[in-house]
$ cat structure_33.cif   # mmCIF, N, CA and C atoms
data_structure
#
loop_
_atom_site.label_atom_id
_atom_site.label_comp_id
_atom_site.auth_asym_id
_atom_site.auth_seq_id
_atom_site.Cartn_x
_atom_site.Cartn_y
_atom_site.Cartn_z
N MET A 480 173.12 -44.33 191.38
CA MET A 480 174.43 -44.92 191.22
C MET A 480 175.26 -44.50 192.43
N SER A 481 175.93 -45.46 193.04
CA SER A 481 176.70 -45.13 194.23
C SER A 481 177.96 -44.36 193.87
N HIS A 482 178.51 -43.67 194.88
CA HIS A 482 179.72 -42.86 194.65
C HIS A 482 180.90 -43.72 194.26
N VAL A 483 180.98 -44.93 194.83
CA VAL A 483 182.10 -45.82 194.51
C VAL A 483 182.03 -46.25 193.05
N VAL A 484 180.83 -46.62 192.59
CA VAL A 484 180.67 -47.02 191.20
C VAL A 484 180.97 -45.85 190.28
N ALA A 485 180.46 -44.67 190.62
CA ALA A 485 180.72 -43.48 189.81
C ALA A 485 182.20 -43.17 189.76
N ARG A 486 182.88 -43.29 190.90
CA ARG A 486 184.32 -43.02 190.94
C ARG A 486 185.06 -44.01 190.06
N ASN A 487 184.64 -45.28 190.10
CA ASN A 487 185.29 -46.29 189.27
C ASN A 487 185.06 -46.01 187.79
N LEU A 488 183.91 -45.45 187.45
CA LEU A 488 183.63 -45.13 186.06
C LEU A 488 184.49 -43.98 185.55
N VAL A 489 184.88 -43.08 186.41
CA VAL A 489 185.63 -41.92 185.94
C VAL A 489 187.13 -42.10 186.09
N GLU A 490 187.58 -43.23 186.62
CA GLU A 490 189.01 -43.49 186.69
C GLU A 490 189.43 -44.32 185.48
N ARG A 491 190.60 -44.01 184.99
CA ARG A 491 191.07 -44.73 183.81
C ARG A 491 192.55 -45.04 184.03
N ARG A 492 192.95 -46.23 183.70
CA ARG A 492 194.36 -46.64 183.83
C ARG A 492 195.14 -46.09 182.63
N ASN A 493 196.27 -45.47 182.93
CA ASN A 493 197.10 -44.90 181.87
C ASN A 493 198.55 -45.21 182.20
N GLY A 494 199.08 -46.32 181.68
CA GLY A 494 200.47 -46.69 181.91
C GLY A 494 200.79 -46.91 183.37
N GLY A 495 199.92 -47.53 184.13
CA GLY A 495 200.16 -47.78 185.53
C GLY A 495 199.73 -46.66 186.45
N MET A 496 199.46 -45.48 185.89
CA MET A 496 199.01 -44.35 186.70
C MET A 496 197.50 -44.23 186.59
N THR A 497 196.87 -43.85 187.68
CA THR A 497 195.44 -43.64 187.65
C THR A 497 195.18 -42.18 187.32
N MET A 498 194.39 -41.95 186.28
CA MET A 498 194.06 -40.60 185.88
C MET A 498 192.55 -40.42 186.07
N LYS A 499 192.15 -39.45 186.86
CA LYS A 499 190.73 -39.22 187.11
C LYS A 499 190.19 -38.22 186.09
N LEU A 500 189.03 -38.56 185.54
CA LEU A 500 188.35 -37.66 184.63
C LEU A 500 187.25 -36.92 185.38
N ASN A 501 187.03 -35.70 185.01
CA ASN A 501 185.96 -34.91 185.60
C ASN A 501 184.61 -35.51 185.21
N PRO A 502 183.75 -35.83 186.20
CA PRO A 502 182.45 -36.43 185.85
C PRO A 502 181.59 -35.54 184.96
N TRP A 503 181.77 -34.22 185.04
CA TRP A 503 181.00 -33.30 184.19
C TRP A 503 181.40 -33.46 182.73
N LYS A 504 182.67 -33.74 182.50
CA LYS A 504 183.10 -33.97 181.11
C LYS A 504 182.48 -35.24 180.55
N ILE A 505 182.40 -36.27 181.38
CA ILE A 505 181.80 -37.53 180.93
C ILE A 505 180.31 -37.32 180.65
N SER A 506 179.60 -36.62 181.55
CA SER A 506 178.16 -36.42 181.33
C SER A 506 177.92 -35.53 180.11
N THR A 507 178.77 -34.54 179.91
CA THR A 507 178.64 -33.68 178.73
C THR A 507 178.86 -34.47 177.45
N LEU A 508 179.86 -35.34 177.47
CA LEU A 508 180.13 -36.19 176.32
C LEU A 508 178.95 -37.12 176.04
N ALA A 509 178.40 -37.72 177.09
CA ALA A 509 177.27 -38.64 176.93
C ALA A 509 176.06 -37.91 176.36
N LEU A 510 175.77 -36.73 176.89
CA LEU A 510 174.63 -35.96 176.39
C LEU A 510 174.84 -35.51 174.95
N THR A 511 176.07 -35.13 174.61
CA THR A 511 176.38 -34.73 173.24
C THR A 511 176.18 -35.90 172.28
N LEU A 512 176.63 -37.07 172.68
CA LEU A 512 176.46 -38.26 171.83
C LEU A 512 174.98 -38.61 171.68
N ALA A 513 174.22 -38.49 172.77
CA ALA A 513 172.79 -38.79 172.71
C ALA A 513 172.08 -37.80 171.79
N LEU A 514 172.39 -36.51 171.91
CA LEU A 514 171.78 -35.50 171.05
C LEU A 514 172.15 -35.75 169.59
N GLY A 515 173.41 -36.11 169.36
CA GLY A 515 173.85 -36.43 167.99
C GLY A 515 173.08 -37.60 167.41
N ALA A 516 172.81 -38.61 168.24
CA ALA A 516 172.05 -39.77 167.78
C ALA A 516 170.61 -39.38 167.45
N VAL A 517 170.01 -38.53 168.27
CA VAL A 517 168.62 -38.10 168.02
C VAL A 517 168.55 -37.32 166.71
N VAL A 518 169.47 -36.40 166.52
CA VAL A 518 169.47 -35.59 165.29
C VAL A 518 169.76 -36.47 164.07
N ALA A 519 170.72 -37.39 164.20
CA ALA A 519 171.10 -38.24 163.07
C ALA A 519 169.97 -39.17 162.64
N THR A 520 169.15 -39.60 163.58
CA THR A 520 168.07 -40.52 163.25
C THR A 520 166.78 -39.80 162.88
N GLY A 521 166.82 -38.48 162.81
CA GLY A 521 165.63 -37.73 162.42
C GLY A 521 164.65 -37.54 163.55
N GLY A 522 165.08 -37.69 164.78
CA GLY A 522 164.20 -37.53 165.93
C GLY A 522 163.75 -36.10 166.14
N VAL A 523 164.46 -35.15 165.58
CA VAL A 523 164.07 -33.74 165.68
C VAL A 523 163.61 -33.29 164.31
N ARG A 524 162.33 -32.95 164.21
CA ARG A 524 161.76 -32.54 162.92
C ARG A 524 161.15 -31.16 163.05
N PRO A 525 161.11 -30.41 161.97
CA PRO A 525 160.45 -29.11 162.02
C PRO A 525 158.94 -29.27 162.18
N ALA A 526 158.29 -28.22 162.61
CA ALA A 526 156.84 -28.25 162.77
C ALA A 526 156.18 -28.59 161.44
N ALA A 527 155.22 -29.49 161.49
CA ALA A 527 154.61 -29.97 160.25
C ALA A 527 153.63 -28.97 159.64
N ALA A 528 152.98 -28.19 160.47
CA ALA A 528 151.91 -27.34 159.96
C ALA A 528 152.35 -25.91 159.66
N ASP A 529 153.63 -25.66 159.66
CA ASP A 529 154.15 -24.33 159.40
C ASP A 529 153.68 -23.37 160.49
N GLU A 530 154.20 -22.19 160.47
CA GLU A 530 153.83 -21.20 161.47
C GLU A 530 152.59 -20.44 161.03
N GLN A 531 151.48 -20.75 161.64
CA GLN A 531 150.22 -20.06 161.37
C GLN A 531 149.55 -19.77 162.72
N PRO A 532 150.21 -19.01 163.58
CA PRO A 532 149.69 -18.84 164.94
C PRO A 532 148.33 -18.16 164.99
N PHE A 533 148.05 -17.24 164.09
CA PHE A 533 146.77 -16.54 164.13
C PHE A 533 145.63 -17.44 163.65
N MET A 534 145.90 -18.23 162.62
CA MET A 534 144.88 -19.16 162.15
C MET A 534 144.62 -20.25 163.19
N GLU A 535 145.68 -20.75 163.81
CA GLU A 535 145.52 -21.77 164.85
C GLU A 535 144.76 -21.20 166.05
N ALA A 536 145.05 -19.94 166.43
CA ALA A 536 144.34 -19.30 167.53
C ALA A 536 142.86 -19.12 167.19
N ALA A 537 142.58 -18.72 165.95
CA ALA A 537 141.19 -18.56 165.52
C ALA A 537 140.47 -19.91 165.56
N LYS A 538 141.15 -20.95 165.12
CA LYS A 538 140.57 -22.29 165.13
C LYS A 538 140.22 -22.70 166.56
N ASP A 539 141.15 -22.51 167.49
CA ASP A 539 140.90 -22.85 168.89
C ASP A 539 139.73 -22.04 169.46
N SER A 540 139.69 -20.75 169.15
CA SER A 540 138.61 -19.90 169.65
C SER A 540 137.26 -20.34 169.10
N LEU A 541 137.20 -20.67 167.82
CA LEU A 541 135.94 -21.13 167.22
C LEU A 541 135.49 -22.46 167.83
N GLU A 542 136.44 -23.36 168.05
CA GLU A 542 136.08 -24.64 168.66
C GLU A 542 135.51 -24.44 170.07
N ARG A 543 136.12 -23.54 170.84
CA ARG A 543 135.61 -23.25 172.19
C ARG A 543 134.25 -22.57 172.12
N ALA A 544 134.07 -21.66 171.16
CA ALA A 544 132.79 -20.97 171.02
C ALA A 544 131.68 -21.95 170.67
N ILE A 545 131.96 -22.86 169.75
CA ILE A 545 130.96 -23.87 169.37
C ILE A 545 130.59 -24.71 170.59
N ASP A 546 131.59 -25.11 171.35
CA ASP A 546 131.34 -25.91 172.55
C ASP A 546 130.44 -25.16 173.54
N LYS A 547 130.74 -23.90 173.77
CA LYS A 547 129.93 -23.08 174.70
C LYS A 547 128.51 -22.89 174.18
N LEU A 548 128.39 -22.61 172.89
CA LEU A 548 127.06 -22.42 172.31
C LEU A 548 126.22 -23.69 172.39
N GLU A 549 126.84 -24.82 172.15
CA GLU A 549 126.11 -26.09 172.20
C GLU A 549 125.66 -26.43 173.62
N LYS A 550 126.39 -25.95 174.62
CA LYS A 550 126.02 -26.20 176.02
C LYS A 550 124.98 -25.21 176.54
N GLY A 551 124.74 -24.16 175.79
CA GLY A 551 123.81 -23.11 176.22
C GLY A 551 122.36 -23.57 176.17
N SER A 552 121.51 -22.82 176.82
CA SER A 552 120.07 -23.16 176.80
C SER A 552 119.52 -22.97 175.40
N THR A 553 118.43 -23.67 175.10
CA THR A 553 117.92 -23.70 173.73
C THR A 553 117.06 -22.51 173.35
N ASP A 554 116.52 -21.79 174.31
CA ASP A 554 115.57 -20.72 174.00
C ASP A 554 116.29 -19.40 173.76
N LYS A 555 116.67 -19.16 172.53
CA LYS A 555 117.34 -17.90 172.16
C LYS A 555 116.75 -17.35 170.88
N GLY A 556 115.53 -17.71 170.58
CA GLY A 556 114.87 -17.20 169.39
C GLY A 556 115.49 -17.69 168.09
N GLY A 557 116.18 -18.83 168.15
CA GLY A 557 116.80 -19.39 166.97
C GLY A 557 118.20 -18.85 166.69
N TYR A 558 118.61 -17.83 167.46
CA TYR A 558 119.92 -17.22 167.20
C TYR A 558 121.09 -18.09 167.66
N ARG A 559 120.89 -18.88 168.73
CA ARG A 559 121.96 -19.78 169.19
C ARG A 559 122.24 -20.82 168.11
N VAL A 560 121.20 -21.41 167.56
CA VAL A 560 121.36 -22.41 166.50
C VAL A 560 122.04 -21.78 165.28
N LYS A 561 121.62 -20.58 164.94
CA LYS A 561 122.23 -19.87 163.80
C LYS A 561 123.71 -19.57 164.08
N ALA A 562 124.02 -19.18 165.32
CA ALA A 562 125.42 -18.90 165.69
C ALA A 562 126.27 -20.16 165.61
N ILE A 563 125.72 -21.29 166.05
CA ILE A 563 126.46 -22.56 165.97
C ILE A 563 126.75 -22.88 164.51
N LYS A 564 125.73 -22.74 163.66
CA LYS A 564 125.90 -23.03 162.23
C LYS A 564 126.98 -22.11 161.62
N ASN A 565 126.92 -20.82 161.95
CA ASN A 565 127.90 -19.87 161.41
C ASN A 565 129.31 -20.14 161.94
N ALA A 566 129.41 -20.49 163.23
CA ALA A 566 130.73 -20.77 163.81
C ALA A 566 131.33 -22.03 163.18
N LYS A 567 130.50 -23.04 162.94
CA LYS A 567 130.99 -24.26 162.28
C LYS A 567 131.43 -23.97 160.85
N ALA A 568 130.70 -23.10 160.16
CA ALA A 568 131.10 -22.71 158.80
C ALA A 568 132.42 -21.94 158.84
N ALA A 569 132.57 -21.06 159.83
CA ALA A 569 133.81 -20.30 159.96
C ALA A 569 134.98 -21.23 160.28
N LEU A 570 134.74 -22.22 161.15
CA LEU A 570 135.78 -23.20 161.48
C LEU A 570 136.20 -23.97 160.22
N ALA A 571 135.22 -24.37 159.42
CA ALA A 571 135.54 -25.07 158.17
C ALA A 571 136.37 -24.18 157.25
N ASP A 572 136.05 -22.88 157.20
CA ASP A 572 136.82 -21.95 156.37
C ASP A 572 138.25 -21.79 156.89
N VAL A 573 138.41 -21.71 158.20
CA VAL A 573 139.75 -21.60 158.79
C VAL A 573 140.57 -22.84 158.46
N ASN A 574 139.97 -24.01 158.63
CA ASN A 574 140.68 -25.26 158.29
C ASN A 574 141.04 -25.31 156.82
N ALA A 575 140.13 -24.87 155.96
CA ALA A 575 140.41 -24.84 154.52
C ALA A 575 141.54 -23.86 154.22
N GLY A 576 141.55 -22.73 154.90
CA GLY A 576 142.62 -21.75 154.70
C GLY A 576 143.97 -22.29 155.12
N ILE A 577 144.02 -22.99 156.24
CA ILE A 577 145.28 -23.59 156.70
C ILE A 577 145.76 -24.63 155.69
N LYS A 578 144.83 -25.47 155.24
CA LYS A 578 145.19 -26.50 154.25
C LYS A 578 145.66 -25.86 152.94
N TRP A 579 144.96 -24.85 152.48
CA TRP A 579 145.34 -24.18 151.24
C TRP A 579 146.76 -23.61 151.37
N ASP A 580 147.03 -22.95 152.49
CA ASP A 580 148.35 -22.36 152.69
C ASP A 580 149.43 -23.43 152.71
N ASN A 581 149.16 -24.56 153.38
CA ASN A 581 150.15 -25.64 153.43
C ASN A 581 150.36 -26.28 152.07
N ASP A 582 149.30 -26.34 151.25
CA ASP A 582 149.40 -26.95 149.91
C ASP A 582 150.03 -26.02 148.88
N HIS A 583 150.08 -24.72 149.15
CA HIS A 583 150.55 -23.75 148.16
C HIS A 583 151.78 -22.99 148.65
N LYS A 584 152.72 -23.72 149.20
CA LYS A 584 153.96 -23.10 149.66
C LYS A 584 154.85 -22.77 148.47
N SER A 585 155.57 -21.68 148.60
CA SER A 585 156.57 -21.38 147.57
C SER A 585 157.74 -22.34 147.74
N LYS A 586 158.60 -22.43 146.74
CA LYS A 586 159.75 -23.33 146.82
C LYS A 586 160.63 -22.97 148.01
N ASP A 587 160.83 -21.68 148.28
CA ASP A 587 161.64 -21.26 149.43
C ASP A 587 161.04 -21.73 150.74
N GLU A 588 159.71 -21.60 150.87
CA GLU A 588 159.05 -22.02 152.11
C GLU A 588 159.15 -23.52 152.29
N LYS A 589 159.00 -24.29 151.20
CA LYS A 589 159.11 -25.75 151.29
C LYS A 589 160.53 -26.15 151.69
N ASP A 590 161.54 -25.51 151.08
CA ASP A 590 162.93 -25.84 151.40
C ASP A 590 163.27 -25.49 152.84
N ARG A 591 162.71 -24.41 153.35
CA ARG A 591 162.99 -23.94 154.70
C ARG A 591 162.48 -24.93 155.74
N HIS A 592 161.45 -25.71 155.44
CA HIS A 592 160.83 -26.59 156.41
C HIS A 592 161.17 -28.06 156.19
N ARG A 593 162.25 -28.33 155.52
CA ARG A 593 162.68 -29.72 155.33
C ARG A 593 163.68 -30.10 156.37
#
$ encode --input "structure_33.cif" --output "structure tokens"
Amino acid sequence: MSHVVARNLVERRNGGMTMKLNPWKISTLALTLALGAVVATGGVRPAAADEQPFMEAAKDSLERAIDKLEKGSTDKGGYRVKAIKNAKAALADVNAGIKWDNDHKSKDEKDRHR
């Protein structure tokens, strides 16, 4: 936007006198209105999966471990295959634990995340 256009936007006629508004006030007002619109329309929502950073970290670690094990060479005396099976079972348990926790929130926890 050119300086002339910006200057014209911040000038306002007031009884024949030109009154200049600070451009920072206009930008602050615009940003405040935009933020208000986002909040009013529900554009800002709480995290859906609740705070479970340790379970999420375990899930990520297990997924990476499974990926690495599957890329490994096949000759490990059957232990690589067994490790993949156990890691997949552990991942299923972690996912089940996260789901169980999300399904069994106390009333206070449910109200806190609305």
$ atom_distance --input "structure_33.cif" --atom1 "atom C of A:Ile577" --atom2 "atom C of A:Ala537"
12.2 Å
$ axis_aligned_box --input "structure_33.cif" --around "stretch 560-569 of chain A" --padding-each-side "3 Å" --output "AutoDock Vina command-line options"
--center_x 128.1 --center_y -21.6 --center_z 163.2 --size_x 19.8 --size_y 11.4 --size_z 14.8
$ select_by_dssp --input "structure_33.cif" --residues "stretch 545-582 of chain A" --states "alpha helix (DSSP H)" --output "ChimeraX atom specification"
/A:545-550,558-582
$ atom_distance --input "structure_33.cif" --atom1 "atom CA of A:Ala566" --atom2 "atom CA of A:Ser540"
9.8 Å
$ resolve_selection --input "structure_33.cif" --expression "the PyMOL selection byres (((chain A and resi 535 and name CA) around 12) and name CA)" --output "list in words"
Ala528, Asp529, Glu530, Gln531, Pro532, Phe533, Met534, Ala536, Ala537, Lys538, Asp539, Ser540, Leu541, Glu542, Leu570, Val573, Asn574, Ala575, Gly576, Ile577 and Lys578 of chain A
$ atom_distance --input "structure_33.cif" --atom1 "atom CA of A:Lys550" --atom2 "atom CA of A:Asp572"
22.8 Å
$ closest_residue --input "structure_33.cif" --among "A:Tyr558, A:Ile505, A:Ala569, A:Ile563" --to "A:Asp546" --atoms "all atoms listed in the file"
A:Ile563
